[in-house]
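K.L.:
I have a structure I would like to understand better, so I am pasting it below and will then ask my questions one at a time.
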Amino acid sequence: MDAATLHRRAASQRVPPDLVDRLLALGHTEAVRGPALAEDGEWSCARAWARLSAGRGELDEAIAVLAPYVDAGWWPAAEEAARLLDAGGRGEEAIALVRPFARDGGRVALRDLALLLARHGQGDEAYELLVPHLTDRLAAEALVDVGLALGRGDEVAELLEARLAPGNVCPQCGTPECPGASVAPFDAASLLASVRERQGRTDEAVAVLRAYDSTVVDNRDPLAELLVRHDRLDELRAYVAGEGPREAARQLAEALEARGDVAGAVDVYRSHREGDRPHTSYLLAQLLARHGRGAEGIEVLRALGSAEDWIVDALCELFAAEGRAEEGLAHLDALKARRGEEEWELFRLRGPLMAACGRLDEAMTEALAHPEGRDPYALQWIAHLLIRAGRPEEAVALLDTDRLEQARVLAPLLIDLGRVEEAMTLLLTPRPEVPLPEPVANTDCPPF
């Protein structure tokens with residue numbers, strides 16, 4: 001095995017990690033052990049088997065399972081082996097394993113090495129290792145942890161303040177005129193605020209996030225999170241009422257809901273800026289449904305008059321949850337009449353509603369007659385309807401028409417029916433190679 005091949009195979013996830021966990025939870029250990037130890041082993045199985053072995057105190061066996069992958073120079077395997085070694089009390093071996101990957105320029109390996117060093121009494125080396133890589137987000141985040149643990153938080157803060165200063169050059173080309181001359185790392189302000197907060201200097205942390213445009217990551221606004229953590233909700237209300245983004249409004253509403261102030265949370269969404277109405281209406285409808293007010297949630301979403309599939313999807317779920325499936329179907333009929341067509345993304349919403357009305361067979365017939373009804377994703381959707389209706393054998397028969405194409409959906413179903421060996425054979429069967437299309441010359445004439 002070589003690293004490039006391993007990377008391609010792992011990315012394809014022939015045996016998905018969640019399915020491996022499911023097999024182990026059901027006691028089908030041999031179905032995981034075989035592919036894990038095979039000469040051309042399956043990574044998801046090997047990793048799960050190594051974790052299981054380490055959990056049983058068999059750390060040497062766990063490392064031996066990972067060894068072929070590590071020996072191929074593949075970082076994910078080395079990362080997993082180092083994690084198991086460190087958790088097993090063999091930190092020096094973990095450090096030795098990670099060092100070559102960090103030396104070769106792997107940014108994740110560099111971060112992991114520094115954190116390993118810091119955990120094992122070599123914090124100063126970790127600090128010096130990270131400082132030259134401050135423009136990298138992973139290194140900068142690790143530097144905050146390492147620096148604070150060493151009592152060098154003020155030094156880290158000075159380094160981050162320098163990154164926020166005007167006139168920085170692009171880290172790629174070295175010129176200030178380049179569009180890339182923005183702050184690097186992009187979350188320097190959030191990291192600086194984190195340093196100040198962890199030093200107990202909350203007011204300074206707030207001032208940092210107010211002074212710079214803090215970056216919203218994973219739908220979380222750093223300033224809003226900071227204010228929630230320190231129960232400064234009045235400041236958060238003022239922030240949301242001003243220029244705070246919808247993420248801040250959501251975090252305020254979540255904080256109020258957690259404190260039992262549902263009315264206050266509802267008011268936050270109702271009063272937020274008009275430009276964010278679809279998103280805040282969606283969040284408001286979900287909030288109302290969580291508190292037994294699904295009928296109000298339906299009216300909130302219906303008032304949008306939206307034909308966007310994510311809004312209509314949420315609306316149909318509420319109709320079904322409220323026992324009003326027929327109204328949901330009527331809403332879809334009205335949308336279809338208004339648009340003159342019903343693409344699959346909206347058509348698929350009919351299935352659960354029709355099933356709730358006792359019309360599952362009719363839903364299947366209509367789905368198969370749809371122009372996209374025989375496509376793999378549509379067949380999978382129909383199969384899920386059958387499974388939810390307690391008709392798994394019919395779902396298997398439907399997907400069996402093209403087993404390899406449907407393997408990712410069919411295999412879990414076979415496992416549930418006790419056909420584990422058949423499922424694993426299906427997943428591990430190589431799919432035919434699809435030839436790459438011929439390259440097309442660039443042109444400024446349509447079609448582009």
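In the structure tokens, each chain is lettered A, B, ... as it comes, each chain's residues begin at 1, and ligands are numbered from 1 in order of appearance.
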If you run DSSP on this backbone, which residues of stretch 106-251 of chain A come out as alpha helix (DSSP H), and could you give them as an NGL selection string?
P.N.:
:A and (107-119 or 123-130 or 137-149 or 153-164 or 188-198 or 202-211 or 222-229 or 233-241 or 246-251)
K.L.:
Show which residues sit within 6 Å of stretch 1-13 of chain A, as an MDAnalysis selection string. Count only C-alpha atoms, and ignore same-chain residues fewer than 4 positions away.
P.N.:
chainID A and resid 72:74
K.L.:
Excluding stretch 55-60 of chain A and residues on its chain fewer than 6 positions from it, collect all residues at most 12 Å away from it, counting only C-alpha atoms, and give them as number ranges by chain.
P.N.:
A: 48-49, 66-67, 81-90
K.L.:
Would you put the residues from that selection into a file with N, CA, C and O atoms, as a compact mmCIF listing (two decimals), in the first residue's frame?
P.N.:
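The resulting out-v4.txt:
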# COMPACT_ATOMS: atom_id res chain seq x y z
N ALA A 48 -11.33 1.11 13.55
CA ALA A 48 -12.27 0.68 14.59
C ALA A 48 -11.72 -0.49 15.38
O ALA A 48 -11.86 -0.56 16.60
N TRP A 49 -11.07 -1.42 14.67
CA TRP A 49 -10.51 -2.59 15.37
C TRP A 49 -9.36 -2.18 16.28
O TRP A 49 -9.22 -2.70 17.40
N LEU A 66 -2.54 -0.93 12.85
CA LEU A 66 -2.32 0.32 12.11
C LEU A 66 -0.98 0.37 11.40
O LEU A 66 -0.79 1.23 10.52
N ALA A 67 -0.06 -0.52 11.78
CA ALA A 67 1.32 -0.43 11.28
C ALA A 67 1.44 -0.40 9.76
O ALA A 67 2.21 0.41 9.21
N ALA A 81 -2.56 6.34 15.42
CA ALA A 81 -1.64 5.57 16.25
C ALA A 81 -1.06 6.43 17.37
O ALA A 81 -0.94 5.98 18.52
N ALA A 82 -0.72 7.67 17.06
CA ALA A 82 -0.17 8.57 18.08
C ALA A 82 -1.21 8.85 19.16
O ALA A 82 -0.88 8.90 20.35
N ARG A 83 -2.45 9.00 18.76
CA ARG A 83 -3.50 9.26 19.74
C ARG A 83 -3.65 8.08 20.69
O ARG A 83 -3.77 8.26 21.92
N LEU A 84 -3.62 6.85 20.15
CA LEU A 84 -3.75 5.66 20.99
C LEU A 84 -2.53 5.49 21.91
O LEU A 84 -2.68 5.13 23.09
N LEU A 85 -1.35 5.76 21.37
CA LEU A 85 -0.14 5.66 22.20
C LEU A 85 -0.17 6.66 23.34
O LEU A 85 0.14 6.34 24.49
N ASP A 86 -0.56 7.88 23.04
CA ASP A 86 -0.60 8.92 24.06
C ASP A 86 -1.63 8.56 25.13
O ASP A 86 -1.37 8.68 26.33
N ALA A 87 -2.82 8.11 24.70
CA ALA A 87 -3.85 7.73 25.67
C ALA A 87 -3.43 6.53 26.49
O ALA A 87 -3.87 6.36 27.63
N GLY A 88 -2.53 5.69 25.92
CA GLY A 88 -2.06 4.49 26.62
C GLY A 88 -0.83 4.73 27.47
O GLY A 88 -0.21 3.77 27.94
N GLY A 89 -0.46 6.00 27.66
CA GLY A 89 0.67 6.30 28.52
C GLY A 89 2.02 6.19 27.85
O GLY A 89 3.05 6.13 28.54
N ARG A 90 2.05 6.17 26.54
CA ARG A 90 3.33 6.05 25.81
C ARG A 90 3.53 7.30 24.96
O ARG A 90 3.65 7.26 23.75
K.L.:
Which residues come within 10 Å of A:Leu417, counting only C-alpha atoms, excluding same-chain residues fewer than 3 positions away, as a list in words?
P.N.:
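Counting only C-alpha atoms, the residues come to Pro392, Glu393, Val396, Ala411, Pro412, Leu413, Leu414, Val420 and Ala423 of chain A.
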K.L.:
So, counting only C-alpha atoms, which residue among A:Ser53, A:Ala189, A:Leu134, A:Asp154 is closest to A:Ala207?
P.N.:
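Among the listed residues, A:Ala189 lies closest to A:Ala207.
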K.L.:
So that I can check the surroundings of A:Ala241, please list as a short mmCIF file (atom, residue, chain, number, x, y, z; two decimals) with all heavy atoms, in the first residue's frame every protein, DNA and RNA residue that reaches within 12 Å of it, counting only C-alpha atoms and ignoring chain neighbours fewer than 3 positions away.
P.N.:
data_model
loop_
_atom_site.label_atom_id
_atom_site.label_comp_id
_atom_site.auth_asym_id
_atom_site.auth_seq_id
_atom_site.Cartn_x
_atom_site.Cartn_y
_atom_site.Cartn_z
N ASP A 234 -27.84 41.69 28.43
CA ASP A 234 -28.28 43.03 28.05
C ASP A 234 -27.37 43.59 26.95
O ASP A 234 -27.85 44.22 25.99
CB ASP A 234 -28.28 43.97 29.26
CG ASP A 234 -29.44 43.67 30.21
OD1 ASP A 234 -30.41 43.01 29.75
OD2 ASP A 234 -29.37 44.07 31.37
N GLU A 235 -26.07 43.35 27.08
CA GLU A 235 -25.14 43.79 26.03
C GLU A 235 -25.39 43.03 24.74
O GLU A 235 -25.30 43.59 23.63
CB GLU A 235 -23.70 43.57 26.49
CG GLU A 235 -23.25 44.48 27.62
CD GLU A 235 -21.85 44.15 28.08
OE1 GLU A 235 -20.91 44.31 27.29
OE2 GLU A 235 -21.70 43.72 29.25
N LEU A 236 -25.71 41.75 24.88
CA LEU A 236 -26.00 40.95 23.69
C LEU A 236 -27.27 41.43 23.01
O LEU A 236 -27.34 41.50 21.77
CB LEU A 236 -26.12 39.47 24.07
CG LEU A 236 -26.40 38.49 22.93
CD1 LEU A 236 -25.43 38.66 21.77
CD2 LEU A 236 -26.37 37.05 23.44
N ARG A 237 -28.29 41.80 23.78
CA ARG A 237 -29.52 42.34 23.19
C ARG A 237 -29.22 43.61 22.38
O ARG A 237 -29.73 43.80 21.27
CB ARG A 237 -30.53 42.66 24.28
CG ARG A 237 -31.25 41.45 24.85
CD ARG A 237 -32.41 41.90 25.73
NE ARG A 237 -33.11 40.76 26.31
CZ ARG A 237 -32.79 40.22 27.49
NH1 ARG A 237 -31.79 40.73 28.20
NH2 ARG A 237 -33.46 39.19 27.95
N ALA A 238 -28.37 44.47 22.94
CA ALA A 238 -28.03 45.71 22.24
C ALA A 238 -27.25 45.41 20.96
O ALA A 238 -27.45 46.06 19.93
CB ALA A 238 -27.21 46.60 23.16
N GLY A 244 -25.68 43.32 14.84
CA GLY A 244 -25.36 41.91 15.08
C GLY A 244 -25.92 41.01 14.00
O GLY A 244 -27.06 41.19 13.56
N PRO A 245 -25.16 40.01 13.55
CA PRO A 245 -25.65 39.10 12.51
C PRO A 245 -26.70 38.15 13.05
O PRO A 245 -26.94 38.08 14.26
CB PRO A 245 -24.38 38.33 12.11
CG PRO A 245 -23.54 38.34 13.34
CD PRO A 245 -23.81 39.65 14.00
N ARG A 246 -27.34 37.41 12.14
CA ARG A 246 -28.40 36.51 12.59
C ARG A 246 -27.86 35.43 13.52
O ARG A 246 -28.59 34.88 14.35
CB ARG A 246 -29.12 35.89 11.40
CG ARG A 246 -28.30 34.95 10.55
CD ARG A 246 -29.21 34.21 9.56
NE ARG A 246 -28.44 33.41 8.62
CZ ARG A 246 -28.05 33.81 7.42
NH1 ARG A 246 -28.36 35.03 7.02
NH2 ARG A 246 -27.37 33.02 6.64
N ALA A 248 -25.83 35.91 15.92
CA ALA A 248 -25.91 36.48 17.26
C ALA A 248 -27.34 36.43 17.78
O ALA A 248 -27.59 36.14 18.96
CB ALA A 248 -25.39 37.92 17.25
N ALA A 249 -28.30 36.70 16.90
CA ALA A 249 -29.71 36.61 17.30
C ALA A 249 -30.05 35.19 17.72
O ALA A 249 -30.75 34.96 18.72
CB ALA A 249 -30.60 37.06 16.15
N LEU A 252 -28.59 34.50 21.16
CA LEU A 252 -29.38 35.15 22.21
C LEU A 252 -30.67 34.36 22.46
O LEU A 252 -31.04 34.11 23.62
CB LEU A 252 -29.69 36.59 21.81
CG LEU A 252 -30.64 37.36 22.74
CD1 LEU A 252 -30.09 37.41 24.16
CD2 LEU A 252 -30.89 38.77 22.20
N ASP A 267 -39.51 36.62 20.81
CA ASP A 267 -39.43 38.04 20.49
C ASP A 267 -38.14 38.39 19.76
O ASP A 267 -38.15 39.23 18.85
CB ASP A 267 -39.54 38.87 21.76
CG ASP A 267 -39.60 40.37 21.46
OD1 ASP A 267 -40.54 40.80 20.77
OD2 ASP A 267 -38.69 41.10 21.90
N VAL A 268 -37.04 37.73 20.11
CA VAL A 268 -35.76 37.98 19.43
C VAL A 268 -35.90 37.68 17.94
O VAL A 268 -35.50 38.48 17.08
CB VAL A 268 -34.64 37.11 20.04
CG1 VAL A 268 -33.39 37.14 19.15
CG2 VAL A 268 -34.29 37.61 21.43
N TYR A 269 -36.47 36.54 17.61
CA TYR A 269 -36.61 36.17 16.20
C TYR A 269 -37.62 37.07 15.48
O TYR A 269 -37.41 37.44 14.32
CB TYR A 269 -37.05 34.71 16.08
CG TYR A 269 -35.96 33.72 16.42
CD1 TYR A 269 -36.22 32.61 17.23
CD2 TYR A 269 -34.66 33.88 15.94
CE1 TYR A 269 -35.25 31.68 17.53
CE2 TYR A 269 -33.67 32.96 16.24
CZ TYR A 269 -33.97 31.87 17.04
OH TYR A 269 -32.99 30.96 17.35
N ARG A 270 -38.71 37.40 16.15
CA ARG A 270 -39.74 38.21 15.49
C ARG A 270 -39.23 39.62 15.18
O ARG A 270 -39.68 40.25 14.22
CB ARG A 270 -40.99 38.29 16.37
CG ARG A 270 -41.77 36.99 16.46
CD ARG A 270 -43.17 37.24 16.97
NE ARG A 270 -43.91 36.01 17.22
CZ ARG A 270 -44.54 35.30 16.29
NH1 ARG A 270 -44.49 35.69 15.03
NH2 ARG A 270 -45.21 34.21 16.61
N SER A 271 -38.34 40.13 16.00
CA SER A 271 -37.91 41.52 15.84
C SER A 271 -36.60 41.66 15.08
O SER A 271 -36.14 42.79 14.87
CB SER A 271 -37.76 42.17 17.22
OG SER A 271 -36.80 41.49 18.01
N HIS A 272 -36.00 40.53 14.65
CA HIS A 272 -34.71 40.67 13.97
C HIS A 272 -34.91 41.24 12.57
O HIS A 272 -36.02 41.29 12.05
CB HIS A 272 -34.00 39.31 13.90
CG HIS A 272 -32.52 39.43 13.61
ND1 HIS A 272 -31.69 40.23 14.35
CD2 HIS A 272 -31.75 38.87 12.65
CE1 HIS A 272 -30.46 40.14 13.86
NE2 HIS A 272 -30.48 39.33 12.83
N ARG A 273 -33.78 41.64 11.99
CA ARG A 273 -33.82 42.40 10.73
C ARG A 273 -34.60 41.69 9.63
O ARG A 273 -34.53 40.48 9.47
CB ARG A 273 -32.39 42.68 10.24
CG ARG A 273 -31.63 43.64 11.13
CD ARG A 273 -30.41 44.16 10.40
NE ARG A 273 -29.57 43.10 9.90
CZ ARG A 273 -28.61 42.50 10.64
NH1 ARG A 273 -28.43 42.86 11.89
NH2 ARG A 273 -27.86 41.56 10.13
#
K.L.:
Neighbouring residues of A:Gly153 were defined as those with any atom within 8 Å, considering only C-alpha atoms; residues of the same chain fewer than 6 positions away were excluded. Please report them as number ranges by chain.
P.N.:
A: 144, 147, 195, 199
K.L.:
Using only C-alpha atoms, can you tell me which of A:Val70, A:Val300, A:Pro17, A:Gln380 comes closest to A:Gln286?
P.N.:
A:Val300
K.L.:
Between atom CA of A:Arg350 and atom CA of A:Ala367, measure the distance and give it in Å to one decimal.
P.N.:
9.1 Å
K.L.:
By how many Å are atom CA of A:Arg293 and atom CA of A:Glu225 apart?
P.N.:
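Separating atom CA of A:Arg293 from atom CA of A:Glu225 is a distance of 27.4 Å.
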K.L.:
With only C-alpha atoms counted and 12 Å as the cut-off, give the residues of stretch 376-442 of chain A in contact with stretch 35-46 of chain A, each with its shortest interatomic distance in Å and the pair that gives it, as CSV.
P.N.:
residue,atom,partner,partner_atom,distance
A:Glu421,CA,A:Pro35,CA,11.6
A:Met424,CA,A:Pro35,CA,9.0
A:Thr425,CA,A:Pro35,CA,10.2
A:Leu427,CA,A:Glu42,CA,10.6
A:Leu428,CA,A:Glu42,CA,8.5
A:Thr429,CA,A:Glu42,CA,11.9
K.L.:
Include all heavy atoms and write out the residues we just selected as a PDB file, in the first residue's frame.
P.N.:
ATOM      1  N   GLU A 421     -22.862 -11.005   6.214  1.00  0.00           N
ATOM      2  CA  GLU A 421     -21.820 -11.399   5.266  1.00  0.00           C
ATOM      3  C   GLU A 421     -22.132 -10.889   3.865  1.00  0.00           C
ATOM      4  O   GLU A 421     -21.255 -10.390   3.141  1.00  0.00           O
ATOM      5  CB  GLU A 421     -21.681 -12.926   5.249  1.00  0.00           C
ATOM      6  CG  GLU A 421     -20.538 -13.427   4.392  1.00  0.00           C
ATOM      7  CD  GLU A 421     -20.357 -14.932   4.472  1.00  0.00           C
ATOM      8  OE1 GLU A 421     -20.907 -15.554   5.410  1.00  0.00           O
ATOM      9  OE2 GLU A 421     -19.674 -15.479   3.582  1.00  0.00           O
ATOM     10  N   MET A 424     -21.335  -7.108   3.762  1.00  0.00           N
ATOM     11  CA  MET A 424     -19.910  -6.782   3.698  1.00  0.00           C
ATOM     12  C   MET A 424     -19.321  -7.134   2.332  1.00  0.00           C
ATOM     13  O   MET A 424     -18.497  -6.391   1.790  1.00  0.00           O
ATOM     14  CB  MET A 424     -19.158  -7.503   4.805  1.00  0.00           C
ATOM     15  CG  MET A 424     -19.515  -7.005   6.207  1.00  0.00           C
ATOM     16  SD  MET A 424     -19.215  -5.236   6.426  1.00  0.00           S
ATOM     17  CE  MET A 424     -17.423  -5.211   6.456  1.00  0.00           C
ATOM     18  N   THR A 425     -19.752  -8.237   1.767  1.00  0.00           N
ATOM     19  CA  THR A 425     -19.284  -8.596   0.418  1.00  0.00           C
ATOM     20  C   THR A 425     -19.688  -7.525  -0.583  1.00  0.00           C
ATOM     21  O   THR A 425     -18.905  -7.133  -1.462  1.00  0.00           O
ATOM     22  CB  THR A 425     -19.875  -9.959   0.006  1.00  0.00           C
ATOM     23  OG1 THR A 425     -19.433 -10.955   0.920  1.00  0.00           O
ATOM     24  CG2 THR A 425     -19.434 -10.323  -1.411  1.00  0.00           C
ATOM     25  N   LEU A 427     -20.284  -4.309   0.007  1.00  0.00           N
ATOM     26  CA  LEU A 427     -19.533  -3.074   0.226  1.00  0.00           C
ATOM     27  C   LEU A 427     -18.100  -3.169  -0.272  1.00  0.00           C
ATOM     28  O   LEU A 427     -17.538  -2.186  -0.765  1.00  0.00           O
ATOM     29  CB  LEU A 427     -19.536  -2.720   1.720  1.00  0.00           C
ATOM     30  CG  LEU A 427     -20.860  -2.225   2.292  1.00  0.00           C
ATOM     31  CD1 LEU A 427     -20.792  -2.156   3.809  1.00  0.00           C
ATOM     32  CD2 LEU A 427     -21.222  -0.850   1.721  1.00  0.00           C
ATOM     33  N   LEU A 428     -17.505  -4.355  -0.134  1.00  0.00           N
ATOM     34  CA  LEU A 428     -16.088  -4.508  -0.486  1.00  0.00           C
ATOM     35  C   LEU A 428     -15.879  -4.902  -1.941  1.00  0.00           C
ATOM     36  O   LEU A 428     -14.739  -5.010  -2.400  1.00  0.00           O
ATOM     37  CB  LEU A 428     -15.438  -5.548   0.433  1.00  0.00           C
ATOM     38  CG  LEU A 428     -15.394  -5.136   1.913  1.00  0.00           C
ATOM     39  CD1 LEU A 428     -14.939  -6.296   2.788  1.00  0.00           C
ATOM     40  CD2 LEU A 428     -14.491  -3.931   2.112  1.00  0.00           C
ATOM     41  N   THR A 429     -16.964  -5.111  -2.675  1.00  0.00           N
ATOM     42  CA  THR A 429     -16.835  -5.432  -4.105  1.00  0.00           C
ATOM     43  C   THR A 429     -16.440  -4.174  -4.868  1.00  0.00           C
ATOM     44  O   THR A 429     -17.121  -3.151  -4.781  1.00  0.00           O
ATOM     45  CB  THR A 429     -18.171  -5.963  -4.667  1.00  0.00           C
ATOM     46  OG1 THR A 429     -18.532  -7.146  -3.965  1.00  0.00           O
ATOM     47  CG2 THR A 429     -18.047  -6.257  -6.160  1.00  0.00           C
TER      48      THR A 429
END
